[in-house]
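The structure appears right after this line, and notes come after that.
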Amino acid sequence: MPVEVPRELPLDQILLGDAAATLRMLPDASVQCVFADPPYNLQLRGELRRPDDSLVEGVDEDWDKFADFPAYDAFTRDWLGECRRVLAKDGTIWVIGSYHNIFRIGAIMQDLGFWILNDVIWRKSNPMPNFRGRRFTNAHETMIWAARSQQSRYKLNYQAMKSLNDEVQMRSDWTLPLCTGAERLRNAHGLKLHPTQKPEALLHRVIMAATAPGDVILDPFLGTGTTAAVAKRLHRHFIGIERHPAYVEAAWGRLRAEARAPRNAVVAPPAGRDAPRIAFGSLVERGLIRPGARVVDRQRRFAAEVTAEGGLVSGGLRGSIHRVGAAVQNAPSCNGWIFWHFERNGELLPLDVLRKESQPEG
């Protein structure tokens with residue numbers, strides 16, 4: 001009889017290797033969530049087309065007539081099957097893609113027994129234009145959110161999502177900017193290190209939606225480590241798989257620089273009608289202010305910490321910036337945008353500065 005080799009869970013590690021082969025080394029039912037950003041099925045004779053439809057090394061408009069769909073489908077079925085095996089019975093998976101591959105992936109997921117919960121549209125607020133004028137500007141990508149099976153008792157942190165969305169039920173269309181500025185990793189020549197680096201705001205929302213502190217999140221195509229960095233920040237464990245050594249090195253650099261938010265700031269918010277009303281959750285998920293950041297009033301009499309769902313915690317108080325501001329003053333109401341301040345370069349600034357800075361120019 002063959003000998004069963006025990007497989008340990010490599011928590012908070014990045015594994016160098018191909019996705020499916022490396023997944024086979026992980027134990028069954030060992031992770032609570034998977035986030036996957038697989039290849040887009042765009043290879044043709046060593047050339048690539050980016051998701052924004054811009055060309056890399058000159059693929060022509062007939063690329064899709066020659067794509068190797070059977071090979072891509074077999075590759076997809078292989079890694080998705082392994083992901084389903086390592087998912088806990090109540091776990092969920094998020095797979096993101098473009099029109100090039102997401103419909104094929106969705107069909108294969110259903111064939112494998114995944115139970116689709118939502119297709120979420122990531123609408124890019126700053127998409128790359130289509131310079132050739134042959135197609136519409138590709139301004140969105142699609143995420144499929146699915147449970148391991150129809151019987152799964154999956155997790156949805158409904159109130160946290162509502163809080164992030166200004167106390168309105170979260171919809172399946174998410175408007176978030178592309179990864180830009182200081183968040184975008186670049187090589188020694190100033191060029192983008194990874195062509196499809198996902199914004200931290202997107203992973204913040206995914207992780208807050210479907211996991212709890214202490215859960216294990218697997219990313220079989222880790223790239224430069226966005227999933228791992230946000231998971232670490234929010235007190236989730238991560239396992240990353242990546243085949244390119246340069247991306248692994250960059251991901252470890254991000255993780256070394258990433259600090260965990262205070263644990264009190266990332267626990268699940270209270271549920272029900274008395275849950276706090278949050279008005280600046282989008283600033284938290286976009287990283288304009290981080291979970292655990294300290295805010296004070298102008299005279300520094302009161303202090304609080306920013307929570308991952310977009311509120312504040314101060315002592316035994318937890319709620320929106322307005323509710324906690326009113327409570328610490330024993331006042332009937334408070335404008336938290338003006339009352340609470342954060343420190344920048346030694347200067348105290350009201351939170352309202354961040355709200356104004358988050359607005360697009362013009």
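All residue names refer to the structure tokens as shown: chains lettered A, B, ... in order, residues numbered from 1 in each chain, ligands numbered from 1 in order.
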Every residue of region 136-330 of chain A that DSSP places in helix (DSSP H, G or I), as a PyMOL selection string | chain A and resi 158-164+181-183+200-210+226-233+245-257+263-265+281-285+321-329
Write out as a PyMOL selection string the residues lying within 6 Å of region 131-146 of chain A, counting only C-alpha atoms and excluding same-chain residues fewer than 6 positions away.
-> chain A and resi 52+92-98+115-124
With a distance cut-off of 12 Å and only C-alpha atoms, select the neighbouring residues of Arg186 (chain A), excluding the residue or stretch itself and same-chain residues fewer than 3 positions from it, and output the selection as JSON, numbers by chain.
-> {"A": [179, 180, 181, 182, 183, 189, 190, 191, 192, 193, 194, 195, 197, 224, 246, 247, 250]}
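The shortest atom-to-atom distance to Arg171 (chain A), with only C-alpha atoms taken into account, belongs to A:Tyr158 out of A:Val324, A:Val296, A:Tyr158, A:Gln110.
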Apply DSSP to the backbone of this structure and, from region 35-273 of chain A, keep only the residues in strand (DSSP E or B); write these as a ChimeraX atom specification.
-> /A:35-36,44,47-49,55-56,87-97,115-124,140-147,173-176,186,192,216-219,237-242
Let's have the selection written as a short mmCIF file (atom, residue, chain, number, x, y, z; two decimals), in the first residue's frame, with C-alpha atoms.
```cif
data_model
loop_
_atom_site.label_atom_id
_atom_site.label_comp_id
_atom_site.auth_asym_id
_atom_site.auth_seq_id
_atom_site.Cartn_x
_atom_site.Cartn_y
_atom_site.Cartn_z
CA PHE A 35 -8.37 34.63 -3.97
CA ALA A 36 -7.10 33.85 -7.46
CA LEU A 44 0.26 33.82 -28.50
CA GLU A 47 3.34 37.70 -26.92
CA LEU A 48 0.75 39.18 -24.57
CA ARG A 49 -2.21 41.54 -24.52
CA LEU A 55 -0.52 45.46 -26.79
CA VAL A 56 2.66 43.90 -25.50
CA LEU A 87 -11.00 24.68 0.76
CA ALA A 88 -12.80 23.99 4.02
CA LYS A 89 -16.38 22.77 3.56
CA ASP A 90 -17.76 26.24 4.34
CA GLY A 91 -15.01 28.11 2.50
CA THR A 92 -15.34 30.49 -0.44
CA ILE A 93 -13.28 31.37 -3.48
CA TRP A 94 -12.87 34.61 -5.43
CA VAL A 95 -11.59 34.44 -9.00
CA ILE A 96 -10.95 37.62 -10.98
CA GLY A 97 -10.60 37.87 -14.73
CA TRP A 115 -21.75 27.18 -5.98
CA ILE A 116 -21.64 30.69 -7.45
CA LEU A 117 -22.85 33.37 -5.03
CA ASN A 118 -22.19 36.57 -6.98
CA ASP A 119 -20.37 37.94 -9.95
CA VAL A 120 -18.86 41.20 -8.74
CA ILE A 121 -17.92 43.88 -11.25
CA TRP A 122 -14.80 45.85 -10.37
CA ARG A 123 -15.44 49.11 -12.19
CA LYS A 124 -12.14 50.94 -12.59
CA HIS A 140 -13.96 46.68 -15.61
CA GLU A 141 -13.01 43.19 -14.53
CA THR A 142 -15.28 40.47 -13.18
CA MET A 143 -14.86 38.57 -9.92
CA ILE A 144 -16.73 35.33 -9.34
CA TRP A 145 -17.47 34.69 -5.66
CA ALA A 146 -18.41 31.08 -4.99
CA ALA A 147 -18.86 28.68 -2.09
CA ASP A 173 -20.54 46.65 -8.62
CA TRP A 174 -17.46 48.06 -6.91
CA THR A 175 -15.91 51.30 -8.15
CA LEU A 176 -12.25 51.40 -7.14
CA ARG A 186 8.38 49.39 -9.93
CA LYS A 192 5.83 48.55 -13.56
CA VAL A 216 -6.27 31.27 6.20
CA ILE A 217 -6.35 32.91 2.76
CA LEU A 218 -4.71 31.17 -0.18
CA ASP A 219 -3.57 32.98 -3.32
CA HIS A 237 -2.98 34.06 7.74
CA PHE A 238 -1.89 33.75 4.14
CA ILE A 239 -0.37 31.16 1.83
CA GLY A 240 0.95 32.45 -1.47
CA ILE A 241 2.11 30.54 -4.53
CA GLU A 242 4.13 32.27 -7.24
#
```
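Excluding Lys198 (chain A) and any residue on its chain fewer than 6 positions from it, the residues at most 9 Å away by only C-alpha atoms are Asp37, Leu178, Cys179, Arg184, Thr226 and Thr227 of chain A.
Excluding Met25 (chain A) itself and any same-chain residue fewer than 2 positions from it, the protein and nucleic acid residues within 12 Å of it, counting only C-alpha atoms, are Glu4, Val5, Pro6, Arg7, Glu8, Leu9, Pro10, Leu15, Gly17, Asp18, Ala19, Ala20, Ala21, Thr22, Leu23, Pro27, Asp28, Ser30, Glu82, Cys83, Arg85, Val86 and Ile241 of chain A.
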Those same residues - C-alpha atoms - I'd like them written as a tab-separated table (two decimals), in the first residue's frame.
```
chain	number	residue	atom	x	y	z
A	4	GLU	CA	0.46	8.64	3.01
A	5	VAL	CA	2.88	11.52	3.58
A	6	PRO	CA	1.56	14.02	6.14
A	7	ARG	CA	1.23	17.52	4.71
A	8	GLU	CA	1.65	20.56	6.93
A	9	LEU	CA	0.11	23.95	6.31
A	10	PRO	CA	2.80	26.56	5.50
A	15	LEU	CA	5.87	29.05	-2.05
A	17	GLY	CA	6.40	27.01	-7.89
A	18	ASP	CA	3.55	26.34	-10.31
A	19	ALA	CA	0.05	26.70	-8.89
A	20	ALA	CA	-1.46	23.24	-9.35
A	21	ALA	CA	1.71	21.29	-8.54
A	22	THR	CA	2.30	23.30	-5.36
A	23	LEU	CA	-1.36	23.10	-4.32
A	27	PRO	CA	-3.67	19.24	3.03
A	28	ASP	CA	-7.38	18.81	2.35
A	30	SER	CA	-7.20	23.50	5.20
A	82	GLU	CA	-6.94	21.60	-6.22
A	83	CYS	CA	-8.34	24.81	-4.74
A	85	ARG	CA	-9.86	20.21	-2.41
A	86	VAL	CA	-7.96	22.50	0.00
A	241	ILE	CA	2.11	30.54	-4.53
```
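Considering the residues A:Ala74, A:Val284, A:Leu349, A:Ala265 and counting only C-alpha atoms, Gly315 (chain A) has its shortest atom-to-atom contact with A:Ala265.
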Given only C-alpha atoms as the counted atoms, nearest of A:Leu234, A:Pro291, A:Pro177, A:Leu164 to Asn126 (chain A) | A:Pro177
At what distance in Å, to one decimal, does CA of Gly281 (chain A) lie from CA of Arg233 (chain A)?
-> 15.8 Å
Among the residues A:Asp12, A:Asp111, A:Glu305, A:Glu167, the one that comes closest to Gly81 (chain A) [using only C-alpha atoms] = A:Asp111
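Proximity of A:Leu348, A:Ile289, A:Val306, A:Leu255 to Gln13 (chain A), computed with only C-alpha atoms, is greatest for A:Leu255.
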As a check of understanding: the span from CA of Gly287 (chain A) to CA of Met208 (chain A) is 13.7 Å
